[in-house]
$ cat data.csv   # CSV, C-alpha atoms
chain,number,residue,atom,x,y,z
I,1,MET,CA,8.2,13.1,3.9
I,2,LEU,CA,5.7,15.5,5.3
I,3,VAL,CA,2.3,15.7,3.6
I,4,PRO,CA,1.2,19.4,3.2
I,5,ILE,CA,-2.3,20.0,4.5
I,6,LEU,CA,-4.1,23.0,3.0
I,7,ARG,CA,-7.2,24.7,4.2
I,8,GLN,CA,-9.9,25.5,1.7
I,9,GLY,CA,-13.0,26.9,3.3
I,10,PRO,CA,-14.5,24.3,5.5
I,11,TYR,CA,-12.3,21.5,4.1
I,12,LEU,CA,-8.8,20.2,4.6
I,13,ILE,CA,-6.9,18.9,1.6
I,14,ALA,CA,-3.9,16.6,2.2
I,15,SER,CA,-2.1,16.3,-1.0
I,16,ILE,CA,0.4,13.5,-1.0
I,17,GLN,CA,3.6,14.5,-2.9
I,18,SER,CA,5.6,11.3,-3.0
I,19,ALA,CA,5.8,7.7,-1.7
I,20,LEU,CA,5.1,7.5,2.0
I,21,THR,CA,6.6,5.2,4.6
I,22,ASP,CA,4.3,3.7,7.3
I,23,ALA,CA,5.5,6.3,9.8
I,24,ASP,CA,4.6,9.1,7.3
I,25,LEU,CA,1.1,7.7,6.9
I,26,LEU,CA,0.5,7.4,10.6
I,27,ARG,CA,1.7,11.0,11.0
I,28,LEU,CA,-0.7,12.1,8.3
I,29,ARG,CA,-3.6,10.4,10.1
I,30,ASP,CA,-2.8,12.0,13.4
I,31,ASP,CA,-2.3,15.4,11.9
I,32,LEU,CA,-5.6,15.3,10.1
I,33,VAL,CA,-7.5,14.0,13.1
I,34,GLU,CA,-6.1,16.9,15.1
I,35,GLN,CA,-6.6,19.6,12.5
I,36,VAL,CA,-10.2,18.7,11.8
I,37,GLY,CA,-10.9,19.9,15.4
I,38,ARG,CA,-8.6,22.9,15.3
I,39,TYR,CA,-10.1,24.3,12.1
I,40,ARG,CA,-13.6,23.0,12.6
I,41,SER,CA,-13.4,21.3,9.2
I,42,ARG,CA,-16.4,19.5,7.8
I,43,GLY,CA,-14.6,17.5,5.2
I,44,VAL,CA,-11.1,16.0,4.5
I,45,ILE,CA,-9.8,15.2,1.1
I,46,VAL,CA,-6.8,12.9,0.8
I,47,ASP,CA,-5.3,13.2,-2.7
I,48,VAL,CA,-3.4,10.0,-3.7
I,49,THR,CA,-2.9,10.9,-7.4
I,50,VAL,CA,0.9,10.5,-7.2
I,51,LEU,CA,0.9,7.1,-5.4
I,52,ASP,CA,1.8,4.3,-7.8
I,53,VAL,CA,0.9,1.6,-5.3
I,54,MET,CA,-1.3,1.2,-2.2
I,55,ASP,CA,-0.7,-1.8,-0.1
I,56,SER,CA,-2.6,-3.3,2.8
I,57,PHE,CA,-0.9,-1.0,5.3
I,58,ALA,CA,-1.8,2.1,3.4
I,59,VAL,CA,-5.4,1.0,3.0
I,60,ARG,CA,-5.7,0.0,6.6
I,61,THR,CA,-4.3,3.4,7.7
I,62,ILE,CA,-6.6,5.4,5.4
I,63,SER,CA,-9.6,3.4,6.6
I,64,SER,CA,-8.8,4.1,10.2
I,65,LEU,CA,-8.1,7.7,9.4
I,66,ALA,CA,-11.6,8.0,7.9
I,67,GLN,CA,-13.2,6.4,10.9
I,68,MET,CA,-11.5,8.7,13.3
I,69,ILE,CA,-12.4,11.7,11.2
I,70,LYS,CA,-16.0,10.6,11.2
I,71,LEU,CA,-15.9,10.3,15.0
I,72,ARG,CA,-14.7,13.9,15.0
I,73,GLY,CA,-17.8,14.9,12.9
I,74,ALA,CA,-16.3,15.3,9.4
I,75,GLU,CA,-16.2,13.2,6.3
I,76,THR,CA,-13.1,11.8,4.5
I,77,LEU,CA,-12.9,11.6,0.7
I,78,LEU,CA,-10.1,9.8,-1.1
I,79,VAL,CA,-9.4,11.2,-4.5
I,80,GLY,CA,-7.0,10.3,-7.4
I,81,ILE,CA,-6.7,6.5,-7.1
I,82,GLN,CA,-5.0,5.6,-10.4
I,83,PRO,CA,-6.4,2.8,-12.6
I,84,GLU,CA,-3.4,0.4,-12.0
I,85,VAL,CA,-3.7,1.1,-8.2
I,86,ALA,CA,-7.4,0.3,-8.3
I,87,PHE,CA,-6.7,-2.9,-10.2
I,88,THR,CA,-4.1,-4.0,-7.7
I,89,MET,CA,-6.2,-3.2,-4.7
I,90,VAL,CA,-9.0,-5.3,-5.9
I,91,GLN,CA,-6.6,-8.2,-6.7
I,92,LEU,CA,-5.1,-7.9,-3.2
I,93,GLY,CA,-8.7,-8.1,-1.7
I,94,LEU,CA,-8.4,-4.6,-0.1
I,95,ALA,CA,-11.7,-2.9,0.6
I,96,LEU,CA,-11.8,0.8,1.6
I,97,THR,CA,-14.5,0.6,4.2
I,98,GLY,CA,-16.2,3.9,5.3
I,99,VAL,CA,-14.3,6.1,2.9
I,100,ALA,CA,-15.9,7.9,0.0
I,101,THR,CA,-14.0,8.3,-3.2
I,102,ALA,CA,-14.0,10.6,-6.1
I,103,LEU,CA,-12.1,10.7,-9.4
I,104,ASP,CA,-10.0,13.8,-8.6
I,105,LEU,CA,-9.7,16.8,-6.4
I,106,GLU,CA,-12.2,18.8,-8.5
I,107,GLU,CA,-14.8,16.1,-8.2
I,108,GLY,CA,-14.1,15.7,-4.6
I,109,LEU,CA,-14.6,19.3,-3.8
I,110,SER,CA,-17.9,19.5,-5.7
I,111,TYR,CA,-19.1,16.3,-3.9
I,112,LEU,CA,-18.4,17.9,-0.5
I,113,ASP,CA,-20.1,21.2,-1.6
I,114,GLU,CA,-23.2,19.3,-2.8
I,115,ARG,CA,-23.3,17.4,0.4
I,116,ASP,CA,-23.1,20.5,2.5
I,117,LYS,CA,-25.8,22.2,0.5
I,118,GLY,CA,-28.0,19.1,1.0
I,119,GLY,CA,-27.3,19.2,4.7
I,120,GLU,CA,-28.5,22.8,5.0
I,121,ARG,CA,-31.7,21.9,3.2
I,122,VAL,CA,-32.3,19.1,5.6
I,123,GLY,CA,-31.6,21.6,8.4
I,124,GLY,CA,-34.9,23.4,7.4
I,125,ARG,CA,-33.9,26.3,5.1
B,1,MET,CA,22.4,-3.3,-4.6
B,2,LEU,CA,24.3,-5.5,-7.0
B,3,GLY,CA,24.9,-5.5,-10.7
B,4,ASP,CA,22.3,-5.1,-13.5
B,5,ASP,CA,21.1,-8.7,-13.2
B,6,GLU,CA,20.2,-8.7,-9.6
B,7,LEU,CA,18.8,-6.3,-7.0
B,8,HIS,CA,19.4,-6.8,-3.3
B,9,VAL,CA,17.5,-4.8,-0.7
B,10,GLN,CA,18.0,-5.3,3.0
B,11,ILE,CA,14.8,-4.9,4.9
B,12,ARG,CA,15.3,-3.2,8.3
B,13,SER,CA,12.9,-0.3,8.5
B,14,ASP,CA,9.7,1.0,6.9
B,15,ALA,CA,11.8,3.1,4.6
B,16,ASP,CA,13.3,-0.1,3.2
B,17,VAL,CA,9.8,-1.4,2.3
B,18,VAL,CA,9.3,1.7,0.2
B,19,LEU,CA,12.8,1.3,-1.3
B,20,ALA,CA,12.2,-2.4,-2.1
B,21,ARG,CA,9.0,-1.7,-4.0
B,22,GLN,CA,10.4,1.3,-5.9
B,23,GLU,CA,13.6,-0.5,-6.9
B,24,GLY,CA,11.7,-3.6,-7.7
B,25,ARG,CA,9.4,-1.7,-10.0
B,26,ARG,CA,12.3,-0.1,-11.7
B,27,PHE,CA,14.1,-3.4,-12.1
B,28,ALA,CA,10.9,-5.1,-13.6
B,29,SER,CA,10.3,-2.1,-15.9
B,30,ARG,CA,13.1,-3.3,-18.2
B,31,LEU,CA,10.9,-6.2,-19.2
B,32,GLU,CA,7.7,-5.9,-21.2
B,33,PHE,CA,5.4,-5.7,-18.3
B,34,SER,CA,2.2,-3.6,-18.5
B,35,SER,CA,1.9,-0.7,-16.1
B,36,SER,CA,-0.7,-2.7,-14.2
B,37,ASP,CA,1.8,-5.6,-13.9
B,38,LEU,CA,4.4,-3.2,-12.6
B,39,THR,CA,2.0,-1.9,-9.9
B,40,VAL,CA,1.1,-5.5,-9.1
B,41,ILE,CA,4.7,-6.5,-8.6
B,42,SER,CA,5.4,-3.4,-6.6
B,43,ALA,CA,2.4,-4.2,-4.3
B,44,ALA,CA,3.5,-7.8,-3.8
B,45,ILE,CA,7.0,-6.8,-2.9
B,46,SER,CA,5.6,-4.3,-0.5
B,47,GLU,CA,3.4,-6.9,1.3
B,48,ILE,CA,6.2,-9.4,1.6
B,49,ALA,CA,8.8,-6.8,2.7
B,50,ARG,CA,6.3,-5.6,5.3
B,51,SER,CA,5.7,-9.1,6.7
B,52,ILE,CA,9.5,-9.5,7.1
B,53,LEU,CA,9.6,-6.3,9.1
B,54,GLU,CA,6.6,-7.2,11.2
B,55,TYR,CA,7.5,-10.8,12.1
B,56,ALA,CA,11.2,-11.2,11.6
B,57,ARG,CA,12.4,-7.5,12.0
B,58,THR,CA,15.1,-7.9,9.4
B,59,GLY,CA,15.6,-9.9,6.2
B,60,ASP,CA,16.8,-9.7,2.6
B,61,MET,CA,15.1,-9.4,-0.7
B,62,HIS,CA,16.7,-10.5,-3.9
B,63,ILE,CA,15.1,-9.7,-7.2
B,64,LYS,CA,16.4,-11.3,-10.4
B,65,LEU,CA,15.5,-11.9,-14.0
B,66,ALA,CA,13.9,-15.3,-14.6
B,67,GLU,CA,13.5,-17.5,-17.6
B,68,LYS,CA,11.4,-20.6,-18.2
B,69,ASN,CA,10.1,-22.3,-21.4
B,70,GLY,CA,11.1,-19.3,-23.4
B,71,ARG,CA,9.3,-16.8,-21.1
B,72,VAL,CA,11.0,-14.1,-19.2
B,73,GLY,CA,10.0,-12.5,-16.0
B,74,ILE,CA,11.3,-11.7,-12.6
B,75,VAL,CA,11.8,-13.7,-9.5
B,76,VAL,CA,11.6,-12.2,-6.0
B,77,VAL,CA,13.3,-14.1,-3.2
B,78,ALA,CA,12.6,-12.8,0.3
B,79,ARG,CA,14.4,-14.5,3.2
B,80,ASP,CA,14.5,-13.9,6.9
B,81,GLU,CA,15.8,-15.7,10.0
B,82,GLY,CA,12.7,-14.8,12.1
B,83,PRO,CA,10.5,-17.0,14.2
B,84,GLY,CA,9.1,-18.9,11.2
B,85,ILE,CA,5.4,-19.7,10.5
B,86,ARG,CA,3.9,-22.5,12.6
B,87,ASP,CA,0.9,-23.1,10.3
B,88,VAL,CA,1.6,-22.1,6.7
B,89,GLU,CA,-1.9,-23.1,5.5
B,90,LEU,CA,-3.5,-20.8,8.1
B,91,ALA,CA,-1.1,-18.0,7.3
B,92,MET,CA,-2.1,-18.2,3.7
B,93,GLN,CA,-5.8,-17.6,4.4
B,94,ASP,CA,-7.3,-14.3,3.8
B,95,GLY,CA,-7.9,-12.3,7.0
B,96,TYR,CA,-5.6,-14.4,9.3
B,97,SER,CA,-3.1,-12.3,11.1
B,98,THR,CA,-1.1,-12.5,14.3
B,99,SER,CA,0.1,-8.9,14.1
B,100,GLY,CA,-3.2,-7.0,14.1
B,101,GLY,CA,-2.9,-6.4,10.3
B,102,LEU,CA,-5.5,-7.1,7.7
B,103,GLY,CA,-4.2,-10.6,7.1
B,104,LEU,CA,-4.0,-10.0,3.4
B,105,GLY,CA,-0.2,-9.7,3.0
B,106,LEU,CA,0.8,-13.3,2.1
B,107,PRO,CA,-2.5,-14.4,0.4
B,108,GLY,CA,-2.7,-11.1,-1.4
B,109,ALA,CA,0.9,-11.4,-2.7
B,110,ARG,CA,0.1,-14.9,-3.9
B,111,ARG,CA,-2.9,-13.7,-5.8
B,112,LEU,CA,-0.9,-10.9,-7.4
B,113,MET,CA,2.0,-13.0,-8.7
B,114,ASP,CA,2.0,-15.9,-11.2
B,115,GLU,CA,4.0,-18.3,-8.9
B,116,PHE,CA,4.3,-18.2,-5.2
B,117,GLU,CA,6.1,-20.5,-2.9
B,118,LEU,CA,6.6,-20.2,0.9
B,119,ARG,CA,9.0,-22.3,3.0
B,120,SER,CA,9.2,-21.8,6.7
B,121,GLU,CA,10.8,-23.6,9.6
B,122,VAL,CA,9.8,-22.6,13.1
B,123,GLY,CA,12.7,-21.0,14.9
B,124,ARG,CA,14.8,-20.9,11.7
B,125,GLY,CA,13.1,-18.5,9.3
B,126,THR,CA,11.0,-18.1,6.2
B,127,THR,CA,11.7,-17.8,2.5
B,128,VAL,CA,9.2,-16.6,0.0
B,129,THR,CA,9.9,-17.1,-3.7
B,130,MET,CA,7.5,-15.5,-6.2
B,131,ARG,CA,7.6,-15.0,-9.9
B,132,LYS,CA,5.8,-12.9,-12.5
B,133,TRP,CA,6.1,-13.5,-16.2
B,134,ALA,CA,6.1,-10.8,-18.8
B,135,ARG,CA,3.6,-10.9,-21.6

$ encode --input "data.csv" --output "structure tokens"
Amino acid sequence: MLVPILRQGPYLIASIQSALTDADLLRLRDDLVEQVGRYRSRGVIVDVTVLDVMDSFAVRTISSLAQMIKLRGAETLLVGIQPEVAFTMVQLGLALTGVATALDLEEGLSYLDERDKGGERVGGR
Amino acid sequence: MLGDDELHVQIRSDADVVLARQEGRRFASRLEFSSSDLTVISAAISEIARSILEYARTGDMHIKLAEKNGRVGIVVVARDEGPGIRDVELAMQDGYSTSGGLGLGLPGARRLMDEFELRSEVGRGTTVTMRKWAR
């Protein structure tokens, strides 16, 4: 199952549509790492609203994705983790290291916008 | 897949891991599990199915209804004929992995379920039996 990746301004939005296999997740990681460079994106949002479970492999892959994206100069934001999924991740002992999160896509976009504005101010405007 | 009372999923590829957790969730949803419990069951199945795939390559998962002292629930039995686990105690520790994973699969599944039992014989294979009781 291919995950569609949309471009919205300086951001990439990967919106997961259905349950993903391990191979699908690795493909998504590689696609995003490549496209961040191709489109010179500053942020990547991965929307997991439809996922009804995230196991250790999914969390490990998303953490490594975020680290790779960071090395490419952009930030990764995970949005849409459902309450049951959050509960289960905590029980499993899974920590998402180096990945920012937001409630949903809307919150995620405004977080990235705010961050970009902040960055410009720091840049001396 | 078998009849209504039992579900059987062969684990041979990463697609089977997805199938096992989806079918397992559907099977469990006939009992009075909360939606958190269904997610928990689904995640535990996913972790165990994945460890079969990583260490034994293939195996079988049977999911059945369970009953004890008037309580109902489900029992998941995952069996493989892989290399077995040399040190079960070590394998059940958080963060221990020989596959480059997070090492949270087995201990994580144990935390998620109400009962968890692991039997392994080096060179013969591993069987995990885990149960979750409905409220």

$ closest_residue --input "data.csv" --among "B:Glu117, B:Ile48, B:Ser36, B:Leu90" --to "chain I" --atoms "all atoms listed in the file"
B:Ser36

$ closest_atom_pairs --input "data.csv" --of "chain I" --to "chain B" --cutoff "6 Å" --atoms "all atoms listed in the file" --output "JSON lines"
{"residue": "I:Thr21", "atom": "CA", "partner": "B:Ala15", "partner_atom": "CA", "distance": 5.6}
{"residue": "I:Val53", "atom": "CA", "partner": "B:Thr39", "partner_atom": "CA", "distance": 5.9}
{"residue": "I:Asp55", "atom": "CA", "partner": "B:Ala43", "partner_atom": "CA", "distance": 5.7}
{"residue": "I:Glu84", "atom": "CA", "partner": "B:Ser36", "partner_atom": "CA", "distance": 4.7}
{"residue": "I:Thr88", "atom": "CA", "partner": "B:Val40", "partner_atom": "CA", "distance": 5.6}
{"residue": "I:Leu92", "atom": "CA", "partner": "B:Gly108", "partner_atom": "CA", "distance": 4.4}

$ atom_distance --input "data.csv" --atom1 "atom CA of I:Gly80" --atom2 "atom CA of I:Asp24"
18.8 Å

$ atom_distance --input "data.csv" --atom1 "atom CA of B:Thr126" --atom2 "atom CA of B:Ala56"
8.8 Å

$ atom_distance --input "data.csv" --atom1 "atom CA of B:Val128" --atom2 "atom CA of B:Ala78"
5.1 Å

$ closest_residue --input "data.csv" --among "I:Leu32, I:Val44, I:Val59, I:Met1" --to "I:Ala19" --atoms "only C-alpha atoms"
I:Met1

$ closest_residue --input "data.csv" --among "B:Glu54, B:Met113, B:Thr127, B:Gln93" --to "B:Glu81" --atoms "only C-alpha atoms"
B:Thr127

$ residues_around --input "data.csv" --residues "I:Asp31" --least-positions-apart "3" --cutoff "12 Å" --atoms "only C-alpha atoms" --output "number ranges by chain"
I: 2-6, 12-14, 24-28, 34-39, 44, 65, 68-69
